[in-house]
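Raw query21.cif, mmCIF, C-alpha atoms:
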```
data_final
#
loop_
_atom_site.label_atom_id
_atom_site.label_comp_id
_atom_site.auth_asym_id
_atom_site.auth_seq_id
_atom_site.Cartn_x
_atom_site.Cartn_y
_atom_site.Cartn_z
CA MET A 1 51.05 55.62 229.66
CA LYS A 2 48.99 58.66 230.63
CA TYR A 3 45.42 58.46 231.93
CA VAL A 4 42.62 61.02 231.57
CA ILE A 5 39.02 61.18 232.76
CA VAL A 6 36.81 63.79 231.11
CA LEU A 7 33.68 64.08 233.27
CA GLY A 8 30.72 65.87 231.70
CA ASP A 9 28.68 66.50 234.82
CA GLY A 10 25.04 65.49 234.35
CA MET A 11 25.25 65.20 230.57
CA ALA A 12 23.29 61.92 230.38
CA ASP A 13 19.58 62.38 229.77
CA TYR A 14 16.31 60.75 228.71
CA PRO A 15 14.99 60.67 225.13
CA ILE A 16 13.46 64.06 224.29
CA GLU A 17 10.44 64.38 222.01
CA GLN A 18 11.42 67.69 220.39
CA ILE A 19 14.66 66.18 219.06
CA GLY A 20 13.12 63.01 217.73
CA GLU A 21 13.28 60.96 220.93
CA GLU A 22 17.05 61.26 220.99
CA THR A 23 19.04 62.10 224.11
CA VAL A 24 21.20 65.21 224.39
CA ILE A 25 24.42 63.23 223.86
CA GLU A 26 22.87 61.40 220.89
CA HIS A 27 21.60 64.58 219.22
CA ALA A 28 24.57 66.85 219.90
CA ASP A 29 27.19 67.45 217.20
CA THR A 30 30.12 65.52 218.70
CA PRO A 31 32.61 64.62 215.94
CA THR A 32 35.41 63.77 218.38
CA LEU A 33 33.29 61.32 220.38
CA ASP A 34 31.93 59.82 217.16
CA GLU A 35 35.49 59.26 215.93
CA LEU A 36 36.70 57.81 219.23
CA ALA A 37 33.69 55.53 219.67
CA LYS A 38 34.64 53.58 216.53
CA GLU A 39 37.88 52.54 218.27
CA SER A 40 36.75 52.40 221.91
CA GLU A 41 34.95 50.33 224.48
CA VAL A 42 31.46 51.72 225.03
CA GLY A 43 29.31 50.55 227.93
CA MET A 44 27.24 51.47 230.96
CA VAL A 45 28.34 52.03 234.56
CA LEU A 46 26.38 52.59 237.75
CA THR A 47 28.17 55.42 239.54
CA VAL A 48 25.68 55.92 242.40
CA PRO A 49 25.33 52.88 244.68
CA GLU A 50 21.78 51.65 245.15
CA GLY A 51 20.11 53.34 248.11
CA MET A 52 22.34 56.46 248.00
CA SER A 53 21.30 59.93 246.88
CA PRO A 54 22.29 60.66 243.25
CA GLY A 55 24.48 63.66 243.95
CA SER A 56 27.65 64.80 242.24
CA ASP A 57 29.36 64.05 245.55
CA THR A 58 28.61 60.32 245.69
CA ALA A 59 28.93 59.92 241.91
CA ASN A 60 32.30 61.65 241.52
CA LEU A 61 33.72 59.86 244.54
CA SER A 62 32.74 56.67 242.77
CA VAL A 63 34.27 57.66 239.43
CA ILE A 64 37.55 58.61 241.07
CA GLY A 65 37.67 55.22 242.77
CA TYR A 66 36.27 55.69 246.27
CA ASN A 67 33.32 53.55 247.31
CA PRO A 68 30.78 56.12 248.55
CA LYS A 69 29.34 53.64 251.02
CA LYS A 70 32.74 53.57 252.72
CA TYR A 71 34.07 57.10 252.24
CA TYR A 72 31.09 59.44 251.98
CA SER A 73 30.49 61.68 255.02
CA GLY A 74 28.43 64.43 253.36
CA ARG A 75 28.81 66.81 250.43
CA SER A 76 29.64 70.05 252.15
CA PRO A 77 32.63 68.69 254.12
CA LEU A 78 34.34 67.87 250.84
CA GLU A 79 33.81 71.47 249.73
CA ALA A 80 35.22 72.65 253.06
CA LEU A 81 38.49 70.92 252.18
CA SER A 82 38.66 72.90 248.95
CA ILE A 83 37.93 76.22 250.63
CA GLY A 84 40.62 75.47 253.22
CA VAL A 85 38.41 75.15 256.30
CA ASP A 86 40.04 72.84 258.83
CA MET A 87 37.01 71.13 260.31
CA LYS A 88 37.13 69.87 263.86
CA PRO A 89 35.66 66.42 264.58
CA THR A 90 32.70 68.13 266.29
CA ASP A 91 31.98 70.49 263.37
CA ILE A 92 29.11 70.01 260.95
CA SER A 93 29.43 71.53 257.50
CA PHE A 94 26.53 72.70 255.33
CA ARG A 95 26.37 73.82 251.73
CA CYS A 96 24.98 77.36 251.75
CA ASN A 97 23.56 78.18 248.32
CA ILE A 98 22.53 81.70 247.44
CA VAL A 99 19.25 81.06 245.64
CA THR A 100 16.32 82.89 244.08
CA VAL A 101 12.92 82.59 245.70
CA SER A 102 9.72 84.34 244.61
CA GLU A 103 9.06 87.72 246.22
CA GLU A 104 5.28 88.14 245.95
CA GLU A 105 4.32 86.07 249.00
CA VAL A 106 4.38 87.61 252.49
CA VAL A 107 5.03 84.35 254.35
CA TYR A 108 8.52 82.95 253.70
CA GLY A 109 7.31 79.36 253.59
CA ASP A 110 4.82 80.22 250.83
CA LYS A 111 7.59 81.32 248.48
CA VAL A 112 8.65 79.23 245.49
CA ILE A 113 12.25 78.37 244.66
CA ILE A 114 12.91 79.72 241.18
CA ASP A 115 16.65 79.28 240.62
CA HIS A 116 19.19 77.32 242.67
CA SER A 117 22.08 79.31 241.14
CA SER A 118 20.67 82.87 241.00
CA SER A 119 21.39 83.15 237.28
CA GLU A 120 24.86 81.67 237.84
CA ILE A 121 25.83 84.61 240.03
CA SER A 122 29.47 85.67 239.96
CA THR A 123 31.67 84.85 242.94
CA GLU A 124 32.38 88.55 243.40
CA ASP A 125 28.71 89.52 243.76
CA ALA A 126 27.94 86.46 245.87
CA ALA A 127 30.77 87.31 248.27
CA VAL A 128 29.29 90.74 248.91
CA LEU A 129 25.85 89.26 249.56
CA LEU A 130 27.18 86.51 251.82
CA LYS A 131 29.07 89.09 253.87
CA ALA A 132 25.85 91.06 254.34
CA VAL A 133 24.22 87.88 255.65
CA SER A 134 27.11 86.74 257.83
CA ASP A 135 27.62 90.19 259.40
CA VAL A 136 24.14 89.86 260.87
CA LEU A 137 23.73 86.14 261.47
CA GLU A 138 27.14 85.40 263.00
CA LYS A 139 26.47 88.05 265.66
CA GLU A 140 22.96 86.84 266.35
CA TYR A 141 23.70 83.09 266.38
CA SER A 142 26.87 81.90 268.09
CA GLY A 143 28.61 78.81 266.79
CA TYR A 144 27.93 79.43 263.09
CA LYS A 145 30.51 80.64 260.55
CA PHE A 146 30.03 81.47 256.87
CA TYR A 147 32.72 80.99 254.20
CA VAL A 148 32.76 82.17 250.58
CA GLY A 149 33.02 79.46 247.93
CA THR A 150 32.43 79.80 244.18
CA SER A 151 29.49 81.43 242.38
CA TYR A 152 26.32 80.45 244.28
CA ARG A 153 28.02 77.63 246.25
CA HIS A 154 29.13 78.59 249.76
CA LEU A 155 29.75 77.03 253.16
CA THR A 156 28.45 77.23 256.71
CA ILE A 157 30.10 75.53 259.69
CA TRP A 158 28.07 74.70 262.80
CA GLU A 159 30.24 74.08 265.83
CA HIS A 160 29.13 71.08 267.92
CA GLY A 161 26.28 70.60 265.46
CA GLU A 162 24.44 67.57 264.16
CA VAL A 163 23.82 66.12 260.73
CA LEU A 164 20.25 66.87 259.73
CA PRO A 165 18.15 65.80 256.74
CA LEU A 166 18.02 68.75 254.32
CA THR A 167 16.71 69.11 250.77
CA PRO A 168 18.94 70.19 247.84
CA PRO A 169 17.41 73.30 246.24
CA HIS A 170 17.83 71.95 242.71
CA ASP A 171 15.49 69.08 243.66
CA ILE A 172 12.53 71.40 244.33
CA LEU A 173 12.70 74.00 241.57
CA GLY A 174 9.26 75.51 241.02
CA LYS A 175 7.92 74.19 244.31
CA LYS A 176 6.69 75.99 247.42
CA ILE A 177 9.51 75.87 249.98
CA GLY A 178 7.51 75.54 253.21
CA GLU A 179 7.53 71.75 253.52
CA TYR A 180 11.24 71.59 252.60
CA LEU A 181 12.57 74.06 255.17
CA PRO A 182 14.85 72.68 257.92
CA ALA A 183 13.19 71.21 261.00
CA ASP A 184 15.92 72.87 263.04
CA ASN A 185 14.57 76.23 264.23
CA ILE A 186 17.85 78.14 263.99
CA LEU A 187 18.65 77.02 260.45
CA HIS A 188 15.07 77.87 259.45
CA GLU A 189 15.32 81.31 261.09
CA MET A 190 18.64 82.09 259.44
CA MET A 191 17.28 81.27 256.00
CA GLU A 192 14.21 83.45 256.58
CA LYS A 193 16.29 86.34 257.95
CA SER A 194 18.66 86.10 255.01
CA TYR A 195 15.74 86.93 252.72
CA ALA A 196 15.00 90.10 254.68
CA ILE A 197 18.68 91.07 254.42
CA LEU A 198 19.04 90.33 250.70
CA VAL A 199 15.71 91.15 249.06
CA ASN A 200 16.44 94.88 248.73
CA HIS A 201 20.23 94.73 248.65
CA PRO A 202 21.66 97.11 245.99
CA ILE A 203 23.23 94.21 244.10
CA ASN A 204 19.85 92.52 243.77
CA ILE A 205 18.12 95.72 242.72
CA GLU A 206 20.72 96.07 239.98
CA ARG A 207 20.43 92.40 238.99
CA LYS A 208 16.69 92.76 238.45
CA LYS A 209 17.28 95.83 236.28
CA GLN A 210 19.59 93.66 234.15
CA GLY A 211 16.99 90.91 233.83
CA LEU A 212 18.90 88.55 236.16
CA ASN A 213 17.39 86.56 239.01
CA PRO A 214 17.98 88.20 242.38
CA ALA A 215 20.12 86.24 244.84
CA ASN A 216 17.66 86.80 247.67
CA SER A 217 17.97 83.89 250.11
CA ILE A 218 20.45 81.39 251.48
CA TRP A 219 19.61 77.69 251.44
CA PHE A 220 21.25 75.06 253.64
CA TRP A 221 21.79 71.48 252.49
CA GLY A 222 24.44 68.75 252.15
CA ALA A 223 25.30 68.42 255.86
CA GLY A 224 28.16 66.20 256.95
CA THR A 225 31.19 65.54 259.10
CA ARG A 226 34.91 65.80 258.37
CA PRO A 227 35.85 63.35 255.58
CA ALA A 228 38.78 60.93 255.55
CA LEU A 229 39.83 59.72 252.09
CA SER A 230 42.79 57.44 251.52
CA ASP A 231 45.68 58.85 249.48
CA PHE A 232 45.07 58.53 245.73
CA GLU A 233 48.70 57.89 244.75
CA ALA A 234 49.23 55.31 247.47
CA LYS A 235 45.98 53.60 246.48
CA ASN A 236 46.53 53.58 242.71
CA GLY A 237 50.24 54.09 242.11
CA LYS A 238 49.47 57.15 239.99
CA LYS A 239 50.18 60.85 240.58
CA GLY A 240 46.98 62.75 239.85
CA VAL A 241 45.70 66.26 239.21
CA MET A 242 42.16 67.65 239.45
CA ILE A 243 40.94 70.38 237.10
CA SER A 244 37.53 71.76 238.05
CA ALA A 245 35.83 75.04 238.87
CA VAL A 246 33.68 73.39 241.54
CA ASP A 247 34.68 73.27 245.20
CA LEU A 248 33.21 69.79 245.61
CA LEU A 249 35.64 68.27 243.11
CA LYS A 250 38.56 70.29 244.41
CA GLY A 251 37.70 69.10 247.91
CA ILE A 252 37.71 65.45 246.84
CA ALA A 253 41.14 66.04 245.33
CA VAL A 254 42.48 67.73 248.46
CA GLY A 255 41.17 64.89 250.58
CA ALA A 256 42.79 62.35 248.25
CA GLY A 257 46.14 64.14 248.18
CA MET A 258 45.87 65.09 244.49
CA LYS A 259 47.10 68.39 243.06
CA VAL A 260 44.37 70.93 242.29
CA ILE A 261 45.07 73.09 239.23
CA GLU A 262 43.26 76.44 239.08
CA VAL A 263 42.42 77.58 235.56
CA GLU A 264 41.76 81.25 234.88
CA GLY A 265 38.25 81.76 233.53
CA ALA A 266 36.97 78.38 234.72
CA ASN A 267 33.68 79.21 236.44
CA GLY A 268 31.42 76.14 236.43
CA GLY A 269 29.05 77.74 233.91
CA LEU A 270 28.29 77.36 230.22
CA HIS A 271 30.88 79.97 229.24
CA THR A 272 33.80 78.46 231.11
CA ASN A 273 37.39 78.19 229.88
CA TYR A 274 37.12 74.76 228.26
CA GLU A 275 40.38 74.94 226.32
CA GLY A 276 42.23 76.21 229.38
CA LYS A 277 41.12 73.14 231.33
CA ALA A 278 42.21 70.80 228.55
CA MET A 279 45.62 72.43 228.19
CA ALA A 280 46.17 72.45 231.97
CA ALA A 281 45.70 68.68 231.93
CA VAL A 282 48.05 68.21 228.97
CA GLU A 283 50.77 70.35 230.56
CA ALA A 284 50.50 68.45 233.87
CA LEU A 285 50.73 65.10 232.10
CA CYS A 286 53.49 65.98 229.64
CA ASN A 287 55.63 68.54 231.46
CA GLU A 288 55.07 67.97 235.17
CA ASP A 289 55.40 64.19 235.41
CA TYR A 290 51.81 63.48 236.44
CA ASP A 291 50.20 60.21 235.39
CA PHE A 292 46.50 61.01 235.68
CA ALA A 293 44.27 64.03 235.04
CA TYR A 294 40.60 64.38 236.02
CA ILE A 295 38.91 67.12 233.99
CA HIS A 296 35.51 68.00 235.41
CA VAL A 297 33.09 70.19 233.41
CA GLU A 298 30.01 71.38 235.29
CA ALA A 299 28.16 73.06 232.43
CA PRO A 300 25.92 70.18 231.22
CA ASP A 301 24.59 69.67 234.74
CA GLU A 302 23.84 73.36 235.22
CA MET A 303 21.98 73.50 231.90
CA GLY A 304 20.02 70.39 232.88
CA HIS A 305 18.96 72.08 236.11
CA GLN A 306 17.89 75.10 234.08
CA GLY A 307 15.80 72.85 231.84
CA SER A 308 17.44 74.33 228.74
CA LEU A 309 17.79 71.87 225.87
CA GLU A 310 19.60 74.36 223.64
CA ARG A 311 22.17 75.24 226.29
CA LYS A 312 22.73 71.64 227.39
CA LEU A 313 23.38 70.66 223.77
CA GLN A 314 25.85 73.53 223.54
CA ALA A 315 27.60 72.40 226.74
CA VAL A 316 28.06 68.85 225.40
CA GLU A 317 29.28 70.14 222.04
CA ASN A 318 31.77 72.42 223.80
CA LEU A 319 33.00 69.45 225.82
CA ASP A 320 33.57 67.47 222.61
CA LYS A 321 35.30 70.18 220.58
CA LYS A 322 37.09 72.20 223.24
CA VAL A 323 38.12 69.60 225.80
CA ILE A 324 38.17 66.05 224.41
CA ARG A 325 39.50 67.08 220.98
CA VAL A 326 42.21 69.28 222.51
CA VAL A 327 43.35 66.56 224.93
CA LYS A 328 43.44 63.89 222.21
CA ASP A 329 45.24 66.01 219.62
CA GLN A 330 47.76 67.41 222.09
CA LEU A 331 48.70 64.06 223.61
CA GLU A 332 49.07 62.54 220.15
CA ALA A 333 51.20 65.47 218.94
CA ARG A 334 53.51 65.03 221.93
CA GLY A 335 53.92 61.33 221.32
CA GLU A 336 52.18 60.19 224.51
CA ASP A 337 50.41 56.86 224.82
CA PHE A 338 47.17 57.40 226.74
CA ARG A 339 43.91 55.93 227.93
CA LEU A 340 40.92 58.28 227.95
CA LEU A 341 37.68 57.71 229.83
CA VAL A 342 34.67 59.93 229.03
CA LEU A 343 31.48 59.75 231.08
CA PRO A 344 28.96 61.74 233.14
CA ASP A 345 28.72 61.31 236.89
CA HIS A 346 24.92 60.91 236.76
CA PRO A 347 22.05 61.90 234.46
CA THR A 348 20.42 65.32 234.92
CA PRO A 349 17.35 64.95 232.68
CA ILE A 350 16.03 68.22 231.29
CA ARG A 351 12.43 67.24 231.94
CA LEU A 352 13.18 66.61 235.63
CA ARG A 353 15.76 69.39 236.19
CA THR A 354 17.45 67.29 238.88
CA HIS A 355 19.71 64.26 239.26
CA VAL A 356 18.73 60.61 238.95
CA GLY A 357 20.78 57.62 240.08
CA GLU A 358 20.57 55.56 236.90
CA PRO A 359 23.53 54.04 235.02
CA VAL A 360 25.45 56.30 232.65
CA PRO A 361 27.25 55.65 229.34
CA TYR A 362 31.03 55.57 229.26
CA LEU A 363 33.65 55.52 226.51
CA LEU A 364 37.13 54.11 227.14
CA TYR A 365 39.76 54.77 224.46
CA ASP A 366 43.29 53.36 224.42
CA SER A 367 45.68 54.93 221.91
CA THR A 368 47.75 51.71 221.86
CA LYS A 369 44.92 49.15 221.63
CA ARG A 370 42.27 50.54 219.32
CA LYS A 371 39.13 48.45 218.98
CA ALA A 372 36.84 48.10 215.99
CA SER A 373 33.31 49.10 216.96
CA ASP A 374 30.10 50.06 215.18
CA LEU A 375 28.73 51.82 218.28
CA LEU A 376 28.48 55.53 218.93
CA TYR A 377 28.80 57.17 222.32
CA ASN A 378 25.30 57.65 223.69
CA GLU A 379 22.91 56.01 226.13
CA LYS A 380 21.20 53.78 223.56
CA ASP A 381 24.36 52.35 222.01
CA ALA A 382 26.01 51.95 225.40
CA LYS A 383 23.06 49.82 226.56
CA LYS A 384 23.17 47.90 223.29
CA SER A 385 26.81 46.98 223.92
CA GLY A 386 25.85 44.69 226.80
CA VAL A 387 28.84 45.94 228.81
CA TYR A 388 27.82 46.92 232.33
CA ILE A 389 29.94 47.80 235.35
CA LYS A 390 27.80 47.56 238.48
CA ASN A 391 30.27 49.10 240.96
CA GLY A 392 31.23 52.51 239.66
CA TYR A 393 34.18 52.80 242.03
CA GLU A 394 35.82 49.89 240.15
CA MET A 395 35.85 51.93 236.91
CA ILE A 396 39.17 53.53 237.88
CA ASP A 397 40.77 50.08 238.06
CA HIS A 398 39.47 49.38 234.55
CA LEU A 399 41.02 52.65 233.35
CA PHE A 400 44.34 51.79 234.98
CA GLU A 401 44.18 48.20 233.62
CA LYS A 402 44.39 46.68 237.09
#
```

Just give me the structure as structure tokens.
Amino acid sequence: MKYVIVLGDGMADYPIEQIGEETVIEHADTPTLDELAKESEVGMVLTVPEGMSPGSDTANLSVIGYNPKKYYSGRSPLEALSIGVDMKPTDISFRCNIVTVSEEEVVYGDKVIIDHSSSEISTEDAAVLLKAVSDVLEKEYSGYKFYVGTSYRHLTIWEHGEVLPLTPPHDILGKKIGEYLPADNILHEMMEKSYAILVNHPINIERKKQGLNPANSIWFWGAGTRPALSDFEAKNGKKGVMISAVDLLKGIAVGAGMKVIEVEGANGGLHTNYEGKAMAAVEALCNEDYDFAYIHVEAPDEMGHQGSLERKLQAVENLDKKVIRVVKDQLEARGEDFRLLVLPDHPTPIRLRTHVGEPVPYLLYDSTKRKASDLLYNEKDAKKSGVYIKNGYEMIDHLFEK
């Protein structure tokens, strides 16, 4: 038996008036999910424990079987594992986004955060901008190191630092940043100085000419200490692979001793290499003797943060046709028995443009034990099923039939 999780990051949503009070999943053209739902278990699961922040960090830890209340030590440290930064016990790691803030205001704190991803900036451009920042700030402030991640998502290590409360930039889109800036003077100063370094950088001048948002400030958040996850194979008796373009997910895999598969063209955006991810999972399961594949697709979450209904619908439809369909057809063609779990990590409602910690719909399909169901895969039918898993970290045991 082979096991697959297809995780559509943030694809759950609220009913939306302009599409007849349907959700994105409900309205999207998803023939594969519609077909599977007729033979699957459909229900709801709470992936974010009550009282914890509804981030992709806590939610994906939960989905992959780690109780966030036990294992979570901060988001950025998990990303540090992916980047290859060997954190010391006294190090504090921060996510360092390259964001877009408004440029009209003279006072930095009066600026408004426009885009947490700087128009989904490429890693290549972001690396140049981060180097411009680090060349200045690492000389001026000892004990801080900057590391390039992926797209707008980067890393800062503070030696002998402390975990501080910081606000994720995607939670305050369209808001004035002053009241959300770090209380720590040095972190505040570095963010403000980064704006002076980046606002007239040649890359940003060119981006504005192209109609793209300038990547004109860094933003710290997600502080934490070095994580310690138990080994996934020892815990579950399954050899696993992680397929994602996002450092957070790769870091969880590294911490759990899973193999990380890099897929060319996978970028965490709407136009990622969906088919390449699906085929990488199939090859690992069928030709490399792995038991479990976790396919993470970031695009629905990014489109939710952008507040774009059209693009979020497209992301979910791409997931259906280019990932789930490919995995199902390929495993069937190769004669593999499999169990497939499809779910989001959390909702990212378009009208809020940020995460919420509410239960999400899941679909669990077993090629050897097909059920007869009149439900479709969406939030409304999943609630109607009456099936509810309160502890999201137990979902993996349900997948593995423990």

Checklist entry - Could you name the residues that touch stretch 84-100 of chain A at 7 Å or less, counting only C-alpha atoms, but leaving out those on the same chain fewer than 2 positions away, as number ranges by chain? => result A: 76-77, 80-82, 102, 113-118, 152-163, 213-226

Checklist outcome for this item: atom CA of A:Ala293 to atom CA of A:Leu78 measures 19.1 Å

Next on the checklist: Neighbouring residues of stretch 275-286 of chain A were defined as those with any atom within 7 Å, considering all atoms listed in the file; residues of the same chain fewer than 5 positions away were excluded. Please report them as a PyMOL selection string.
Outcome noted: chain A and resi 2+243+263+291-293+295+322-323+326-327+330-331

Please save C-alpha atoms of the selected residues as a PDB file, in the frame of the given file.
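Saved the output as out-v2.pdb:
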```pdb
ATOM      1  CA  LYS A   2      48.990  58.660 230.630  1.00  0.00           C
ATOM      2  CA  ILE A 243      40.940  70.380 237.100  1.00  0.00           C
ATOM      3  CA  VAL A 263      42.420  77.580 235.560  1.00  0.00           C
ATOM      4  CA  ASP A 291      50.200  60.210 235.390  1.00  0.00           C
ATOM      5  CA  PHE A 292      46.500  61.010 235.680  1.00  0.00           C
ATOM      6  CA  ALA A 293      44.270  64.030 235.040  1.00  0.00           C
ATOM      7  CA  ILE A 295      38.910  67.120 233.990  1.00  0.00           C
ATOM      8  CA  LYS A 322      37.090  72.200 223.240  1.00  0.00           C
ATOM      9  CA  VAL A 323      38.120  69.600 225.800  1.00  0.00           C
ATOM     10  CA  VAL A 326      42.210  69.280 222.510  1.00  0.00           C
ATOM     11  CA  VAL A 327      43.350  66.560 224.930  1.00  0.00           C
ATOM     12  CA  GLN A 330      47.760  67.410 222.090  1.00  0.00           C
ATOM     13  CA  LEU A 331      48.700  64.060 223.610  1.00  0.00           C
TER      14      LEU A 331
END
```

Next on the checklist: I'd like the residues picked by the PyMOL selection byres ((chain A and resi 259) around 10) written out as a list in words, using the chain letters and numbers from the file.
Outcome noted: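 Selection result, ordered by chain and number: Lys239, Gly240, Val241, Met242, Ile243, Lys250, Ala253, Val254, Ala256, Gly257, Met258, Val260, Ile261, Glu262, Ala284, Tyr290 and Ala293 of chain A.
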
Next on the checklist: Rounded to one decimal, what separation in Å do you get between atom CA of A:Glu192 and atom CA of A:Val107?
Outcome noted: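 Here the two named atoms are 9.5 Å from each other.
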
Item to check | Expected selection from the PyMOL selection byres ((chain A and resi 124-133) around 9), given as a ChimeraX atom specification | outcome: /A:98,121-123,134-138,146-154,190,193-194,197-198,201,203-204,215-216,218

Stretch 292-385 of chain A residues near stretch 15-18 of chain A within 10 Å, closest pair each, using all atoms listed in the file, as CSV:
```
residue,atom,partner,partner_atom,distance
A:Leu309,CA,A:Ile16,CA,9.1
A:Pro349,CA,A:Pro15,CA,9.0
A:Ile350,CA,A:Ile16,CA,8.5
A:Arg351,CA,A:Ile16,CA,8.3
A:Glu379,CA,A:Pro15,CA,9.2
A:Lys380,CA,A:Pro15,CA,9.4
```

Next on the checklist: For a test of reading the model, state the distance in Å between atom CA of A:Leu212 and atom CA of A:Val101, rounded to one decimal.
Outcome noted: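 Here the two named atoms are 12.7 Å from each other.
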
Item to check | Counting only C-alpha atoms, the residue of A:Gly178, A:Gly74, A:Gly20, A:Pro344 that sits nearest A:Tyr108 | outcome: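 Among the listed residues, A:Gly178 lies closest to A:Tyr108.
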
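Near (15.4, 65.8, 259.7), the residues that fall inside 10 Å on the basis of only C-alpha atoms are Val163, Leu164, Pro165, Leu166, Thr167, Leu181, Pro182, Ala183 and Asp184 of chain A.
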
Item to check | Best match for closeness to A:Ala12 among A:Asn287, A:Asn67, A:Asn391, A:Thr354, counting all atoms listed in the file | outcome: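 So, comparing all the options, the nearest one is A:Thr354.
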
Checklist entry - Applied to the shown file, which residues does the PyMOL selection byres ((chain A and resi 69-72) around 8) return, written as a list of chain:residue names? => result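 On this input, the PyMOL selection byres ((chain A and resi 69-72) around 8) captures A:Pro49, A:Thr58, A:Leu61, A:Tyr66, A:Asn67, A:Pro68, A:Ser73, A:Gly74, A:Arg75, A:Pro227, A:Ala228, A:Leu229.
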
Just write the chosen residues, C-alpha atoms, as a tab-separated table (two decimals), in the coordinates of the input.
```tsv
chain	number	residue	atom	x	y	z
A	49	PRO	CA	25.33	52.88	244.68
A	58	THR	CA	28.61	60.32	245.69
A	61	LEU	CA	33.72	59.86	244.54
A	66	TYR	CA	36.27	55.69	246.27
A	67	ASN	CA	33.32	53.55	247.31
A	68	PRO	CA	30.78	56.12	248.55
A	73	SER	CA	30.49	61.68	255.02
A	74	GLY	CA	28.43	64.43	253.36
A	75	ARG	CA	28.81	66.81	250.43
A	227	PRO	CA	35.85	63.35	255.58
A	228	ALA	CA	38.78	60.93	255.55
A	229	LEU	CA	39.83	59.72	252.09
```
